[in-house]
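**Student:** So here's entry.cif, just mmCIF, C-alpha atoms:
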```
data_work
#
loop_
_atom_site.label_atom_id
_atom_site.label_comp_id
_atom_site.auth_asym_id
_atom_site.auth_seq_id
_atom_site.Cartn_x
_atom_site.Cartn_y
_atom_site.Cartn_z
CA MET E 955 -16.13 2.01 -6.82
CA ARG E 956 -16.22 1.15 -3.13
CA LEU E 957 -13.19 1.66 -0.92
CA SER E 958 -13.20 -2.01 0.01
CA CYS E 959 -12.49 -2.83 -3.64
CA TRP E 960 -9.50 -0.49 -3.69
CA LEU E 961 -7.73 -1.21 -0.44
CA PRO E 962 -7.80 -4.79 0.70
CA LEU E 963 -4.12 -4.51 1.54
CA ILE E 964 -4.10 -2.96 4.98
CA GLY E 965 -1.88 -4.94 7.35
CA PHE E 966 0.29 -8.00 7.45
CA LEU E 967 1.08 -10.36 10.29
CA ALA E 968 3.41 -13.31 9.93
CA SER E 969 1.71 -16.69 10.15
CA GLY E 970 2.23 -18.97 13.10
CA ALA E 971 4.55 -21.30 11.14
CA GLN E 972 8.12 -20.21 11.72
CA ASP E 973 9.37 -20.08 8.13
CA ASP E 974 12.19 -17.69 7.19
CA SER E 975 9.94 -14.74 6.46
CA ALA E 976 8.15 -15.15 9.78
CA VAL E 977 11.49 -15.15 11.59
CA LEU E 978 12.48 -11.93 9.82
CA LEU E 979 9.25 -10.27 10.88
CA GLU E 980 9.59 -11.46 14.46
CA ARG E 981 13.09 -9.97 14.71
CA CYS E 982 11.75 -6.60 13.58
CA PRO E 983 14.93 -5.65 11.65
CA LYS E 984 15.91 -2.02 11.38
CA PHE E 985 15.88 -0.14 8.10
CA ALA E 986 19.01 0.91 6.29
CA PRO E 987 20.15 3.34 5.09
CA ARG E 988 18.70 6.22 7.10
CA VAL E 989 16.18 8.40 5.23
CA ASP E 990 15.55 11.96 6.41
CA ILE E 991 12.48 12.16 4.17
CA ARG E 992 11.34 10.22 1.12
CA ILE E 993 8.19 10.96 -0.88
CA GLU E 994 7.04 8.81 -3.81
CA ARG E 995 4.05 10.04 -5.81
CA PHE E 996 1.64 8.03 -7.93
CA VAL E 997 -1.53 8.46 -9.94
CA LEU E 998 -4.13 5.68 -9.91
CA GLU E 999 -5.47 4.91 -13.35
CA SER E 1000 -7.98 2.52 -14.88
CA HIS E 1001 -7.37 1.09 -18.33
CA THR E 1002 -10.29 0.07 -20.54
CA THR E 1003 -11.23 -0.08 -24.22
CA ASP E 1004 -14.26 1.43 -25.94
CA GLU E 1005 -16.60 -0.26 -28.42
CA TYR E 1006 -14.09 0.42 -31.20
CA GLY E 1007 -11.22 -1.23 -29.35
CA ARG E 1008 -9.48 2.05 -28.58
CA ALA E 1009 -7.56 2.21 -25.29
CA ARG E 1010 -8.89 4.57 -22.66
CA THR E 1011 -7.13 5.68 -19.47
CA THR E 1012 -9.09 7.32 -16.64
CA LEU E 1013 -7.58 9.06 -13.62
CA GLU E 1014 -8.96 7.39 -10.48
CA GLY E 1015 -6.89 8.80 -7.63
CA PHE E 1016 -3.61 9.92 -6.10
CA VAL E 1017 -1.24 8.21 -3.68
CA GLU E 1018 1.82 9.39 -1.77
CA TRP E 1019 4.16 6.98 0.02
CA ARG E 1020 6.29 8.76 2.62
CA ARG E 1021 9.02 7.84 5.04
CA ARG E 1022 10.73 10.13 7.52
CA ASP E 1023 13.39 9.14 10.07
CA ASP E 1024 14.01 11.13 13.24
CA LYS E 1025 15.57 10.48 16.63
CA ASP E 1026 12.60 8.31 17.63
CA GLY E 1027 12.87 6.10 14.54
CA PRO E 1028 11.14 5.76 11.15
CA GLN E 1029 7.60 6.93 10.49
CA LEU E 1030 5.86 5.47 7.43
CA GLU E 1031 2.86 7.10 5.77
CA LEU E 1032 0.43 6.28 2.98
CA ASP E 1033 -1.79 9.17 1.85
CA ALA E 1034 -4.39 8.19 -0.76
CA ARG E 1035 -7.17 10.18 -2.42
CA PHE E 1036 -9.76 8.22 -4.39
CA LEU E 1037 -12.04 9.77 -7.01
CA HIS E 1038 -15.62 8.46 -7.23
CA GLY E 1039 -18.53 9.19 -9.51
CA PRO E 1040 -18.90 10.58 -13.05
CA GLN E 1041 -16.18 12.79 -14.51
CA ALA E 1042 -18.31 15.94 -14.25
CA ALA E 1043 -19.04 15.53 -10.52
CA ARG E 1044 -16.51 13.39 -8.71
CA ASP E 1045 -16.33 12.92 -4.95
CA VAL E 1046 -13.01 12.58 -3.14
CA GLN E 1047 -12.42 10.02 -0.41
CA ARG E 1048 -9.16 10.23 1.48
CA VAL E 1049 -7.34 7.50 3.38
CA LEU E 1050 -4.31 8.19 5.57
CA GLU E 1051 -2.26 5.45 7.21
CA VAL E 1052 0.61 6.20 9.59
CA GLU E 1053 2.93 3.65 11.16
CA CYS E 1054 5.38 4.42 13.95
CA LEU E 1055 7.81 1.93 15.43
CA THR E 1056 7.44 1.07 19.12
CA ASP E 1057 9.33 -1.23 21.50
CA HIS E 1058 6.93 -4.05 20.56
CA GLY E 1059 6.71 -3.30 16.84
CA PRO E 1060 4.93 -0.82 14.55
CA ARG E 1061 1.74 0.92 15.64
CA CYS E 1062 -0.78 1.53 12.86
CA GLN E 1063 -3.25 4.40 12.65
CA TRP E 1064 -5.74 4.42 9.79
CA ARG E 1065 -8.27 7.11 8.92
CA GLU E 1066 -10.93 7.40 6.20
CA VAL E 1067 -12.55 10.75 5.36
CA GLY E 1068 -15.17 11.29 2.67
CA PRO E 1069 -18.51 12.93 1.91
CA GLY E 1070 -20.79 11.98 4.79
CA THR E 1071 -18.40 9.30 6.07
CA GLY E 1072 -15.55 8.96 8.52
CA ARG E 1073 -13.75 6.11 10.21
CA SER E 1074 -10.58 5.59 12.22
CA VAL E 1075 -8.78 2.40 13.22
CA GLN E 1076 -5.81 1.97 15.53
CA ALA E 1077 -3.84 -1.26 15.84
CA GLU E 1078 -1.19 -1.51 18.55
CA TRP E 1079 0.73 -4.35 20.12
CA THR E 1080 -0.14 -5.57 23.58
CA SER E 1081 2.49 -5.25 26.30
CA ASP E 1082 3.63 -8.87 25.82
CA GLY E 1083 3.90 -8.43 22.04
CA GLY E 1084 1.69 -11.43 21.34
CA ALA E 1085 -1.49 -9.75 20.12
CA LEU E 1086 -2.90 -6.64 18.52
CA ASP E 1087 -5.30 -4.35 20.32
CA ILE E 1088 -7.75 -2.94 17.74
CA VAL E 1089 -9.84 0.18 18.32
CA GLU E 1090 -12.30 1.51 15.73
CA TRP E 1091 -14.17 4.83 15.78
CA SER E 1092 -17.04 5.53 13.38
CA ALA E 1093 -20.56 6.95 13.27
CA ALA E 1094 -21.73 3.66 14.79
CA GLY E 1095 -19.62 4.26 17.89
CA LYS E 1096 -16.43 2.82 19.35
CA LYS E 1097 -15.45 -0.84 18.99
CA ARG E 1098 -12.56 -2.74 20.57
CA GLY E 1099 -11.08 -6.11 19.81
CA THR E 1100 -7.93 -8.22 20.11
CA LEU E 1101 -6.22 -10.35 17.47
CA VAL E 1102 -3.72 -12.97 18.61
CA ALA E 1103 -0.57 -12.86 16.44
CA SER E 1104 2.19 -14.67 18.30
CA GLY E 1105 4.14 -15.87 15.25
CA GLY E 1106 5.92 -12.63 14.37
CA ALA E 1107 4.35 -9.64 12.69
CA SER E 1108 4.53 -6.55 10.53
CA MET E 1109 2.18 -3.74 9.67
CA PRO E 1110 1.53 -3.10 5.94
CA LEU E 1111 3.89 -0.21 5.31
CA TYR E 1112 6.61 -1.79 7.39
CA LEU E 1113 6.26 -4.99 5.36
CA ALA E 1114 6.47 -2.96 2.15
CA GLU E 1115 9.80 -1.57 3.38
CA LEU E 1116 11.08 -5.09 4.02
CA LEU E 1117 10.04 -6.08 0.49
CA ARG E 1118 11.67 -2.94 -0.89
CA GLU E 1119 14.97 -3.75 0.80
CA GLY E 1120 14.89 -7.39 -0.30
CA ARG E 1121 14.56 -8.70 3.26
CA ILE E 1122 11.67 -10.96 2.19
CA THR E 1123 11.21 -12.38 -1.30
CA ALA E 1124 9.15 -15.49 -0.54
CA GLY E 1125 7.26 -17.08 2.32
CA ARG E 1126 3.99 -16.79 4.19
CA VAL E 1127 2.47 -13.70 5.76
CA THR E 1128 -1.01 -12.91 7.06
CA GLU E 1129 -3.03 -9.82 6.20
CA PHE E 1130 -4.81 -7.71 8.82
CA ASP E 1131 -7.68 -5.87 7.14
CA PRO E 1132 -9.02 -2.95 9.24
CA LEU E 1133 -12.06 -2.71 6.96
CA ALA E 1134 -13.17 -6.12 8.23
CA ARG E 1135 -10.79 -6.54 11.19
CA THR E 1136 -9.89 -10.03 10.04
CA LEU E 1137 -6.70 -11.90 9.14
CA GLU E 1138 -5.99 -13.35 5.69
CA PRO E 1139 -3.04 -15.64 4.86
CA LEU E 1140 -0.90 -14.60 1.89
CA GLN E 1141 2.08 -15.96 -0.02
CA VAL E 1142 4.99 -13.75 -1.16
CA ARG E 1143 6.35 -14.32 -4.66
CA THR E 1144 9.13 -12.36 -6.36
CA VAL E 1145 9.73 -12.08 -10.10
CA TRP E 1146 13.18 -10.72 -11.00
CA LEU E 1147 13.13 -8.75 -14.24
CA VAL E 1148 16.33 -9.18 -16.22
CA GLY E 1149 16.67 -6.46 -18.84
CA ALA E 1150 12.94 -5.73 -18.81
CA ASP E 1151 11.18 -2.41 -18.31
CA PRO E 1152 9.61 -2.52 -14.80
CA LEU E 1153 6.75 -0.33 -16.02
CA VAL E 1154 5.63 -2.83 -18.64
CA ALA E 1155 2.40 -4.25 -17.22
CA GLU E 1156 2.92 -7.74 -18.66
CA ALA E 1157 6.67 -8.02 -18.16
CA ALA E 1158 6.34 -11.75 -17.65
CA SER E 1159 5.45 -12.15 -21.34
CA THR E 1160 8.96 -11.08 -22.36
CA GLY E 1161 10.41 -14.29 -20.98
CA ALA E 1162 13.31 -12.31 -19.48
CA LEU E 1163 12.63 -13.13 -15.86
CA ARG E 1164 13.32 -15.58 -13.09
CA THR E 1165 11.39 -16.32 -9.93
CA THR E 1166 12.59 -17.15 -6.48
CA ASP E 1167 11.20 -19.89 -4.27
CA ALA E 1168 13.34 -19.11 -1.23
CA PRO E 1169 13.84 -15.91 0.76
CA LEU E 1170 16.78 -13.76 -0.29
CA VAL E 1171 18.26 -11.25 2.14
CA THR E 1172 20.24 -8.40 0.61
CA GLU E 1173 20.84 -4.93 1.99
CA THR E 1174 20.77 -3.06 -1.32
CA PRO E 1175 18.92 -4.91 -4.10
CA LYS E 1176 19.69 -3.36 -7.49
CA GLU E 1177 17.64 -5.51 -9.84
CA GLU E 1178 14.22 -4.63 -11.16
CA ARG E 1179 11.63 -6.94 -9.68
CA THR E 1180 7.94 -7.46 -9.04
CA VAL E 1181 6.79 -8.70 -5.63
CA GLU E 1182 3.33 -10.28 -5.46
CA LEU E 1183 1.14 -11.09 -2.47
CA LEU E 1184 -1.13 -14.01 -3.33
CA ARG E 1185 -4.14 -15.45 -1.53
CA PRO E 1186 -4.46 -19.22 -0.91
CA ASP E 1187 -6.69 -19.55 -4.00
CA GLY E 1188 -3.98 -17.93 -6.16
CA THR E 1189 -5.72 -14.56 -6.66
CA LEU E 1190 -3.71 -11.38 -6.34
CA ALA E 1191 -3.92 -9.30 -3.16
CA ALA E 1192 -1.21 -6.81 -4.18
CA ARG E 1193 1.68 -6.34 -6.57
CA TYR E 1194 4.66 -4.01 -6.07
CA ARG E 1195 7.22 -3.10 -8.74
CA PHE E 1196 10.65 -2.02 -7.53
CA ALA E 1197 13.69 -0.68 -9.34
CA GLY E 1198 16.46 -1.08 -6.80
CA LEU E 1199 15.12 0.59 -3.66
CA SER E 1200 12.56 2.70 -5.54
CA LEU E 1201 8.88 1.82 -5.77
CA VAL E 1202 7.88 2.47 -9.39
CA GLY E 1203 4.37 1.03 -9.54
CA PHE E 1204 1.83 -1.10 -7.72
CA GLN E 1205 -1.63 -2.67 -7.88
CA TRP E 1206 -4.21 -3.44 -5.21
CA GLN E 1207 -5.86 -6.64 -6.45
CA GLU E 1208 -5.90 -7.88 -10.03
CA GLY E 1209 -7.89 -5.85 -12.52
CA ARG E 1210 -7.88 -2.71 -14.59
CA LEU E 1211 -6.50 -0.39 -11.88
CA SER E 1212 -2.81 0.36 -11.43
CA ALA E 1213 -0.56 3.05 -9.99
CA ARG E 1214 1.94 4.96 -12.13
CA THR E 1215 4.82 6.92 -10.66
CA VAL E 1216 4.93 10.64 -11.52
CA GLY E 1217 7.09 13.61 -10.62
CA ALA E 1218 6.17 16.21 -8.03
CA GLU E 1219 5.15 18.84 -10.60
CA GLU E 1220 2.80 16.55 -12.53
CA PHE E 1221 1.34 15.19 -9.30
CA GLU E 1222 0.54 18.66 -7.93
CA ARG E 1223 -0.89 19.84 -11.26
CA LEU E 1224 -3.27 16.90 -11.59
CA LEU E 1225 -4.23 16.94 -7.91
CA THR E 1226 -4.91 20.67 -7.91
CA HIS E 1227 -7.11 20.35 -10.99
CA GLU E 1228 -9.19 17.54 -9.48
CA ILE E 1229 -9.56 19.22 -6.07
CA GLN E 1230 -10.60 22.52 -7.66
CA SER E 1231 -13.13 20.70 -9.86
CA TYR E 1232 -14.53 18.92 -6.81
CA ALA E 1233 -14.77 22.17 -4.83
CA ALA E 1234 -16.48 23.96 -7.73
CA ASP E 1235 -19.03 21.18 -8.11
CA ALA E 1236 -19.75 21.20 -4.36
CA CYS E 1237 -20.69 24.87 -4.59
CA ARG E 1238 -23.13 24.38 -7.48
CA PRO E 1239 -26.86 24.02 -6.68
CA HIS E 1240 -28.07 20.42 -7.12
#
```
Represent the structure from my file as structure tokens, please.

**Tutor:**
Amino acid sequence: MRLSCWLPLIGFLASGAQDDSAVLLERCPKFAPRVDIRIERFVLESHTTDEYGRARTTLEGFVEWRRRDDKDGPQLELDARFLHGPQAARDVQRVLEVECLTDHGPRCQWREVGPGTGRSVQAEWTSDGGALDIVEWSAAGKKRGTLVASGGASMPLYLAELLREGRITAGRVTEFDPLARTLEPLQVRTVWLVGADPLVAEAASTGALRTTDAPLVTETPKEERTVELLRPDGTLAARYRFAGLSLVGFQWQEGRLSARTVGAEEFERLLTHEIQSYAADACRPH
């Protein structure tokens, strides 16, 4: 599966219309409470059925969400490893995104590393804070560009933190995709799960939910909820599942792929097994 099918959700910039969510992004609110270091670990899985109707789950990758706060402010990180190819000989492609806060807003650095490939993208605010300077490095050379975003803005991981803290539950945002270096408008929708298990994939079918049509600002949300980012045609760009301030699952686009939270021990065991299998296969004659 191509990387572009996995990670359409790269960056978000508030749309020019000054709705409540755009105002929040423009103000660039600070995070609370302070976090010395936070690491959340996930496995990416695909869910299918065989010809007999039996469920089948396949491990497709690993993701770590990290946040660390120091004297210079928060640093947000997304470290993803994607597994490609048949089970007996899988390649690993790694994507690392790092966001650091600046005086004008977050600066985003994105890097892709894989067999025979490599690409880096940097997005940083201009001195007047009204546009993004984009620089891309790849085998094809260096490319530069500028995207005007004067209506308030947030990078992807920063926006995820705002969603986590309940700062935005509805409204319009715009996606910056470094794979295509384009902007895509999105709508935020929150489903509050009342007495439902946040890990149930089809929680909406329980009927125990309510949706919000207006932004809700709360410093410490305690309810279980699903936050969706929808394209203008109604298709899903991303879905996050939160339990209080904890991210417990997510999806990038609708489909058979989803992320399941795991503990540190299980994460390291599965990752070590896959990396060792990949290294062993790379050493075999082909």

**Student:** In Å, with one decimal, what is the gap from atom CA of Arg1143 of chain E to atom CA of Leu1211 of chain E?

**Tutor:**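 Spanning atom CA of Arg1143 of chain E to atom CA of Leu1211 of chain E is a straight-line distance of 20.3 Å.
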
**Student:** Figure out the distance between atom CA of Glu1208 of chain E and atom CA of Arg1185 of chain E, please, to one decimal in Å.

**Tutor:**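 Those two atoms sit 11.5 Å apart.
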
**Student:** Using all atoms listed in the file, determine which residues lie at most 6 Å from segment 1176-1179 of chain E, disregarding the query and same-chain residues fewer than 4 positions distant; provide the list as a PyMOL selection string.

**Tutor:** chain E and resi 1145-1147+1195-1198

**Student:** Apply the PyMOL selection byres ((chain E and resi 1221) around 12) to the file shown and report the selected residues as number ranges by chain.

**Tutor:** E: 993-998, 1013, 1015-1018, 1214-1220, 1222-1228

**Student:** In Å, with one decimal, what is the gap from atom CA of Val1049 of chain E to atom CA of Asp1026 of chain E?

**Tutor:** 24.5 Å

**Student:** Set the distance at 12 Å and use only C-alpha atoms: which residues neighbour Thr1189 of chain E once local chain neighbours fewer than 2 positions away are removed? I'd like the list as a PyMOL selection string.

**Tutor:** chain E and resi 1139-1141+1182-1187+1191-1193+1206-1209

**Student:** Could you write out as a ChimeraX atom specification the residues that the PyMOL selection byres ((chain E and resi 1062-1074) around 7) matches in the shown file?

**Tutor:** /E:1046-1054,1060-1061,1075-1078,1090-1092,1109

**Student:** Taking the file as I've supplied it (selection: the PyMOL selection byres ((chain E and resi 1096-1101) around 12)), which residues are included? Please answer as number ranges by chain.

**Tutor:** E: 967, 1073-1080, 1083-1095, 1102-1105, 1107, 1128-1132, 1134-1137

**Student:** Which of these, E:Ala1213, E:Arg1010, E:Asp1033, E:Gln1205, has the shortest distance to Leu1111 of chain E once you count all atoms listed in the file?

**Tutor:**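 Among the listed residues, E:Asp1033 lies closest to Leu1111 of chain E.
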
**Student:** Please define a box with edges along x, y and z of the file around all atoms of segment 1174-1183 of chain E given in the file, extend it by 6 Å on each side, and return its centre and edge lengths in Å to one decimal, as JSON.

**Tutor:**
```
{"center_x": 11.0, "center_y": -7.1, "center_z": -6.2, "size_x": 31.6, "size_y": 20.0, "size_z": 21.8}
```
